[in-house]
$ cat input.cif   # mmCIF, C-alpha atoms
data_start
loop_
_atom_site.group_PDB
_atom_site.id
_atom_site.type_symbol
_atom_site.label_atom_id
_atom_site.label_comp_id
_atom_site.auth_asym_id
_atom_site.auth_seq_id
_atom_site.Cartn_x
_atom_site.Cartn_y
_atom_site.Cartn_z
ATOM 1 C CA MET U 1 -1.333 20.130 0.263
ATOM 2 C CA SER U 2 -4.699 18.646 -0.678
ATOM 3 C CA ASN U 3 -6.203 15.511 0.867
ATOM 4 C CA LEU U 4 -6.947 14.369 -2.695
ATOM 5 C CA VAL U 5 -5.143 11.482 -4.367
ATOM 6 C CA VAL U 6 -5.672 11.135 -8.120
ATOM 7 C CA ILE U 7 -5.262 7.668 -9.619
ATOM 8 C CA THR U 8 -4.448 7.614 -13.318
ATOM 9 C CA ASP U 9 -6.367 5.601 -15.893
ATOM 10 C CA LEU U 10 -4.976 6.012 -19.390
ATOM 11 C CA LYS U 11 -8.155 4.729 -21.050
ATOM 12 C CA LEU U 12 -10.353 7.265 -19.272
ATOM 13 C CA CYS U 13 -8.114 10.305 -19.732
ATOM 14 C CA GLU U 14 -9.665 12.506 -22.396
ATOM 15 C CA ASP U 15 -6.589 14.638 -23.058
ATOM 16 C CA ASN U 16 -2.818 14.583 -22.571
ATOM 17 C CA ILE U 17 -2.144 12.464 -19.467
ATOM 18 C CA TYR U 18 1.190 14.172 -18.772
ATOM 19 C CA LYS U 19 -0.349 17.641 -18.739
ATOM 20 C CA ARG U 20 -3.195 16.377 -16.580
ATOM 21 C CA VAL U 21 -0.837 14.788 -14.043
ATOM 22 C CA PHE U 22 1.287 17.954 -13.949
ATOM 23 C CA LYS U 23 -1.767 20.120 -13.262
ATOM 24 C CA PHE U 24 -3.025 17.882 -10.457
ATOM 25 C CA LEU U 25 0.398 17.865 -8.828
ATOM 26 C CA ASN U 26 0.711 21.619 -9.259
ATOM 27 C CA TYR U 27 -2.630 22.125 -7.483
ATOM 28 C CA GLY U 28 -1.493 20.037 -4.506
ATOM 29 C CA ALA U 29 -2.931 16.579 -5.167
ATOM 30 C CA ASN U 30 -0.919 13.385 -4.903
ATOM 31 C CA VAL U 31 -0.952 11.160 -7.995
ATOM 32 C CA VAL U 32 -0.747 7.371 -8.240
ATOM 33 C CA LEU U 33 0.622 6.314 -11.636
ATOM 34 C CA ARG U 34 -1.650 3.345 -12.236
ATOM 35 C CA ALA U 35 -1.709 1.849 -15.727
ATOM 36 C CA LYS U 36 -2.760 -1.794 -15.545
ATOM 37 C CA GLU U 37 -2.875 -2.181 -19.311
ATOM 38 C CA LEU U 38 0.831 -1.416 -19.769
ATOM 39 C CA SER U 39 3.650 -3.953 -19.746
ATOM 40 C CA GLU U 40 6.543 -3.293 -17.372
ATOM 41 C CA ASN U 41 8.611 -1.725 -20.185
ATOM 42 C CA GLU U 42 5.702 0.457 -21.311
ATOM 43 C CA TYR U 43 5.006 1.458 -17.732
ATOM 44 C CA PHE U 44 8.644 2.489 -17.272
ATOM 45 C CA LYS U 45 8.389 4.802 -20.310
ATOM 46 C CA PHE U 46 5.144 6.293 -18.952
ATOM 47 C CA ALA U 47 6.468 6.814 -15.402
ATOM 48 C CA ASN U 48 9.837 8.102 -16.627
ATOM 49 C CA GLU U 49 8.103 10.708 -18.787
ATOM 50 C CA VAL U 50 5.992 11.821 -15.809
ATOM 51 C CA PHE U 51 9.079 12.112 -13.616
ATOM 52 C CA LYS U 52 10.878 14.158 -16.294
ATOM 53 C CA SER U 53 8.009 16.596 -16.744
ATOM 54 C CA CYS U 54 7.053 16.722 -13.043
ATOM 55 C CA ALA U 55 10.461 16.514 -11.346
ATOM 56 C CA SER U 56 9.682 19.251 -8.824
ATOM 57 C CA PHE U 57 6.665 17.271 -7.557
ATOM 58 C CA LYS U 58 8.457 13.953 -7.057
ATOM 59 C CA GLU U 59 7.358 13.632 -3.401
ATOM 60 C CA GLN U 60 3.683 13.678 -4.467
ATOM 61 C CA ILE U 61 3.966 10.791 -6.961
ATOM 62 C CA PHE U 62 3.375 7.102 -6.255
ATOM 63 C CA ILE U 63 4.543 4.280 -8.497
ATOM 64 C CA HIS U 64 1.868 1.599 -8.675
ATOM 65 C CA LYS U 65 2.871 -2.065 -8.501
ATOM 66 C CA PHE U 66 6.336 -1.934 -10.117
ATOM 67 C CA VAL U 67 8.883 -1.852 -7.280
ATOM 68 C CA ASN U 68 11.915 -2.112 -9.579
ATOM 69 C CA ILE U 69 10.733 0.859 -11.624
ATOM 70 C CA ALA U 70 10.186 2.899 -8.473
ATOM 71 C CA LEU U 71 13.715 2.095 -7.351
ATOM 72 C CA SER U 72 15.241 2.941 -10.732
ATOM 73 C CA LEU U 73 13.397 6.286 -10.799
ATOM 74 C CA GLU U 74 14.342 6.928 -7.165
ATOM 75 C CA CYS U 75 10.683 7.295 -6.266
ATOM 76 C CA LYS U 76 10.207 7.027 -2.504
ATOM 77 C CA ASN U 77 6.444 6.277 -2.678
ATOM 78 C CA ILE U 78 5.062 2.877 -3.680
ATOM 79 C CA TRP U 79 1.438 1.702 -3.927
ATOM 80 C CA LEU U 80 1.071 -2.068 -3.906
ATOM 81 C CA PRO U 81 -1.611 -4.699 -4.132
ATOM 82 C CA LEU U 82 -1.337 -7.172 -1.265
ATOM 83 C CA LYS U 83 0.205 -9.854 -3.491
ATOM 84 C CA GLU U 84 3.080 -7.575 -4.554
ATOM 85 C CA LEU U 85 3.555 -6.412 -0.986
ATOM 86 C CA GLU U 86 4.336 -9.987 -0.042
ATOM 87 C CA ILE U 87 6.647 -10.558 -3.026
ATOM 88 C CA TYR U 88 8.693 -7.393 -2.470
ATOM 89 C CA LYS U 89 8.680 -7.170 1.343
ATOM 90 C CA GLY U 90 12.505 -7.261 1.380
ATOM 91 C CA ASP U 91 12.688 -4.070 -0.699
ATOM 92 C CA LEU U 92 10.189 -2.044 1.314
ATOM 93 C CA VAL U 93 12.830 -0.447 3.558
ATOM 94 C CA LYS U 94 13.941 1.545 0.505
ATOM 95 C CA PHE U 95 10.660 3.507 0.459
ATOM 96 C CA ASP U 96 9.388 6.362 2.617
ATOM 97 C CA LYS U 97 5.723 5.575 2.033
ATOM 98 C CA ILE U 98 4.258 2.131 1.294
ATOM 99 C CA VAL U 99 0.519 2.123 0.630
ATOM 100 C CA ALA U 100 -1.206 -1.256 0.460
ATOM 101 C CA SER U 101 -4.490 -1.773 -1.383
ATOM 102 C CA THR U 102 -6.861 -3.658 0.930
ATOM 103 C CA HIS U 103 -10.522 -4.639 0.995
ATOM 104 C CA SER U 104 -11.114 -6.061 4.485
ATOM 105 C CA VAL U 105 -9.921 -5.894 8.083
ATOM 106 C CA ASP U 106 -8.007 -9.154 7.599
ATOM 107 C CA GLU U 107 -6.224 -7.775 4.530
ATOM 108 C CA VAL U 108 -5.297 -4.633 6.469
ATOM 109 C CA LYS U 109 -3.752 -6.722 9.233
ATOM 110 C CA SER U 110 -1.807 -8.777 6.666
ATOM 111 C CA ALA U 111 -0.582 -5.618 4.925
ATOM 112 C CA LEU U 112 0.617 -4.086 8.184
ATOM 113 C CA ASN U 113 2.427 -7.300 9.096
ATOM 114 C CA LEU U 114 4.155 -7.229 5.699
ATOM 115 C CA GLY U 115 5.432 -3.687 6.201
ATOM 116 C CA ALA U 116 2.804 -1.312 4.787
ATOM 117 C CA SER U 117 3.100 2.184 6.252
ATOM 118 C CA SER U 118 -0.320 3.331 4.993
ATOM 119 C CA ILE U 119 -3.540 1.598 3.995
ATOM 120 C CA CYS U 120 -5.923 2.120 1.091
ATOM 121 C CA LEU U 121 -9.439 0.836 1.794
ATOM 122 C CA SER U 122 -11.808 0.072 -1.062
ATOM 123 C CA HIS U 123 -14.320 0.229 -2.334
ATOM 124 C CA ILE U 124 -16.247 2.492 0.007
ATOM 125 C CA TYR U 125 -19.226 3.442 -2.174
ATOM 126 C CA LYS U 126 -20.855 1.881 -5.205
ATOM 127 C CA THR U 127 -18.698 2.412 -8.280
ATOM 128 C CA ASP U 128 -19.024 1.667 -11.979
ATOM 129 C CA CYS U 129 -15.685 -0.118 -12.201
ATOM 130 C CA LYS U 130 -16.822 -2.627 -9.551
ATOM 131 C CA PHE U 131 -20.536 -2.575 -10.337
ATOM 132 C CA ASN U 132 -20.999 -6.280 -9.526
ATOM 133 C CA LEU U 133 -19.423 -6.037 -6.035
ATOM 134 C CA ALA U 134 -21.173 -4.636 -2.981
ATOM 135 C CA PRO U 135 -19.398 -1.600 -1.516
ATOM 136 C CA LYS U 136 -17.715 -1.951 1.872
ATOM 137 C CA GLY U 137 -19.159 1.307 3.164
ATOM 138 C CA LEU U 138 -17.904 3.642 5.843
ATOM 139 C CA ASN U 139 -17.971 0.740 8.303
ATOM 140 C CA LEU U 140 -14.713 -0.549 6.829
ATOM 141 C CA ILE U 141 -12.958 2.737 7.646
ATOM 142 C CA ASN U 142 -14.495 2.719 11.105
ATOM 143 C CA ASP U 143 -13.518 -0.906 11.779
ATOM 144 C CA VAL U 144 -9.906 -0.345 10.698
ATOM 145 C CA ARG U 145 -9.639 2.896 12.666
ATOM 146 C CA LYS U 146 -10.429 0.927 15.850
ATOM 147 C CA PHE U 147 -6.993 -0.750 15.762
ATOM 148 C CA TYR U 148 -4.919 1.323 13.330
ATOM 149 C CA ASN U 149 -4.069 4.984 13.845
ATOM 150 C CA GLY U 150 -1.856 5.395 10.770
ATOM 151 C CA GLU U 151 -2.735 6.924 7.431
ATOM 152 C CA ILE U 152 -5.886 5.672 5.679
ATOM 153 C CA TYR U 153 -6.745 6.355 2.045
ATOM 154 C CA ALA U 154 -10.388 5.809 1.035
ATOM 155 C CA LEU U 155 -11.183 4.727 -2.543
ATOM 156 C CA GLY U 156 -14.213 3.840 -4.599
ATOM 157 C CA GLY U 157 -17.306 5.829 -5.538
ATOM 158 C CA ILE U 158 -16.103 8.916 -3.675
ATOM 159 C CA ASN U 159 -17.142 12.298 -5.021
ATOM 160 C CA SER U 160 -17.384 15.926 -3.923
ATOM 161 C CA SER U 161 -20.732 15.231 -2.215
ATOM 162 C CA ASN U 162 -19.688 12.286 -0.030
ATOM 163 C CA PHE U 163 -15.927 12.677 0.570
ATOM 164 C CA LYS U 164 -16.377 14.489 3.889
ATOM 165 C CA ASN U 165 -18.167 11.433 5.279
ATOM 166 C CA CYS U 166 -14.992 9.411 4.624
ATOM 167 C CA LEU U 167 -12.798 12.014 6.320
ATOM 168 C CA ASN U 168 -15.182 12.331 9.271
ATOM 169 C CA THR U 169 -15.192 8.549 9.718
ATOM 170 C CA GLY U 170 -11.401 8.434 9.933
ATOM 171 C CA ALA U 171 -9.857 8.485 6.456
ATOM 172 C CA ASN U 172 -6.932 10.878 5.995
ATOM 173 C CA LYS U 173 -7.026 11.049 2.212
ATOM 174 C CA ILE U 174 -9.546 10.303 -0.501
ATOM 175 C CA CYS U 175 -8.761 8.767 -3.890
ATOM 176 C CA ILE U 176 -10.489 9.539 -7.175
ATOM 177 C CA MET U 177 -9.903 7.970 -10.560
ATOM 178 C CA SER U 178 -12.735 8.220 -13.112
ATOM 179 C CA GLU U 179 -13.964 11.732 -12.290
ATOM 180 C CA ALA U 180 -10.411 13.060 -12.126
ATOM 181 C CA MET U 181 -9.525 11.631 -15.523
ATOM 182 C CA LYS U 182 -12.611 13.221 -17.101
ATOM 183 C CA CYS U 183 -12.786 16.590 -15.333
ATOM 184 C CA LYS U 184 -12.639 19.788 -17.375
ATOM 185 C CA ASP U 185 -10.657 21.919 -14.892
ATOM 186 C CA GLU U 186 -8.093 20.342 -12.568
ATOM 187 C CA SER U 187 -7.860 23.380 -10.297
ATOM 188 C CA GLU U 188 -11.621 23.489 -9.662
ATOM 189 C CA PHE U 189 -11.678 19.715 -9.260
ATOM 190 C CA VAL U 190 -9.047 19.801 -6.507
ATOM 191 C CA LYS U 191 -10.834 22.714 -4.803
ATOM 192 C CA SER U 192 -14.097 20.738 -4.748
ATOM 193 C CA PHE U 193 -12.441 18.265 -2.340
ATOM 194 C CA CYS U 194 -11.205 20.862 0.183
#
$ encode --input "input.cif" --output "C-alpha cells"
Amino acid sequence: MSNLVVITDLKLCEDNIYKRVFKFLNYGANVVLRAKELSENEYFKFANEVFKSCASFKEQIFIHKFVNIALSLECKNIWLPLKELEIYKGDLVKFDKIVASTHSVDEVKSALNLGASSICLSHIYKTDCKFNLAPKGLNLINDVRKFYNGEIYALGGINSSNFKNCLNTGANKICIMSEAMKCKDESEFVKSFC
C-alpha cells in the first residue's frame, strides 16, 4: 500500500475520472472523493458510480463531507471539514477511519475532541489553490506530532521532490490533488512517491 492519498477534483481531471480513480486505487493509493461543486444528489451519483466500478478497493476510498452518503454506500472511511465533524459527531462511531481537515494546532485539538481518528494538516507548502494564504510549513506537522501520535496526512503543495520532508517530519501519508488529476501515467505517479 502506498503512502499516497489522491484527492479528486472534477474540474482538473483531464480524462475519465472513474478510470483515473480505478487506476490510482489499483496502484495502491487511497482516494478521497472530493467534489465541492456537486450538490448532495450529484455527489451521490458520482460516489455510487465509483463504488460500483471500484468495489474491490472499497477500503481505500474516503467519502468527503457527506456522512449520509457514506453510510448509504457502506463506506467506512469519512473525510470531514471541522464544521461537519461537529455536526455529525453522533454518527462517527459508524466509521472505521475519520479524517479531519485542520489548519492549526487548535483545530487539531478540537478535531480530536470531536472524535477524529486521523488528522489532515494543510497547507504545508505554497500552493496555487491557496495562493493568497501563507503555507503552514513543516512546523505544523512537527508541532502536532509533539502531542499526537496518531495518523497524520499532509496536504498542500506537496510533490515528488518535497514529500519525503513531510514524512521525515512526522506525517504518515501525503495528499496530492492537482498533479494527480493532471498526470499522464498513474502507475509512474504513484511510484514517484515511494
$ closest_residue --input "input.cif" --among "U:His103, U:Tyr27, U:Ala35, U:Lys65" --to "Leu12 in chain U" --atoms "only C-alpha atoms"
U:Ala35
$ closest_residue --input "input.cif" --among "U:Asp185, U:Ser178, U:Phe46, U:Val108" --to "Tyr148 in chain U" --atoms "all atoms listed in the file"
U:Val108
$ residues_around --input "input.cif" --residues "range 77-90 of chain U" --least-positions-apart "2" --cutoff "10 Å" --atoms "all atoms listed in the file" --output "PyMOL selection string"
chain U and resi 32-34+58-71+74-75+92-103+107-108+110-116+118-120
$ atom_distance --input "input.cif" --atom1 "CA of Gly157 in chain U" --atom2 "CA of Ile124 in chain U"
6.6 Å
$ atom_distance --input "input.cif" --atom1 "CA of Pro135 in chain U" --atom2 "CA of Val105 in chain U"
14.2 Å
$ resolve_selection --input "input.cif" --expression "the PyMOL selection byres ((chain U and resi 13) around 10)" --output "PyMOL selection string"
chain U and resi 8-12+14-17+20+177-183
$ resolve_selection --input "input.cif" --expression "the PyMOL selection byres ((chain U and resi 149) around 12)" --output "PyMOL selection string"
chain U and resi 112+117-119+141-148+150-152+170-172
$ closest_residue --input "input.cif" --among "U:Ala29, U:Glu42, U:Val21, U:Asn132" --to "Lys173 in chain U" --atoms "all atoms listed in the file"
U:Ala29
$ atom_distance --input "input.cif" --atom1 "CA of Thr169 in chain U" --atom2 "CA of Lys126 in chain U"
17.3 Å
$ resolve_selection --input "input.cif" --expression "the PyMOL selection byres ((chain U and resi 136) around 10)" --output "number ranges by chain"
U: 103-104, 121-126, 133-135, 137-141, 156
$ residues_near_point --input "input.cif" --point "(-13.9, 18.1, -5.2)" --cutoff "9 Å" --atoms "only C-alpha atoms" --output "PyMOL selection string"
chain U and resi 4+159-161+163+188-194
$ axis_aligned_box --input "input.cif" --around "range 53-59 of chain U" --padding-each-side "5 Å" --output "AutoDock Vina command-line options"
--center_x 8.6 --center_y 16.4 --center_z -10.1 --size_x 13.8 --size_y 15.6 --size_z 23.3
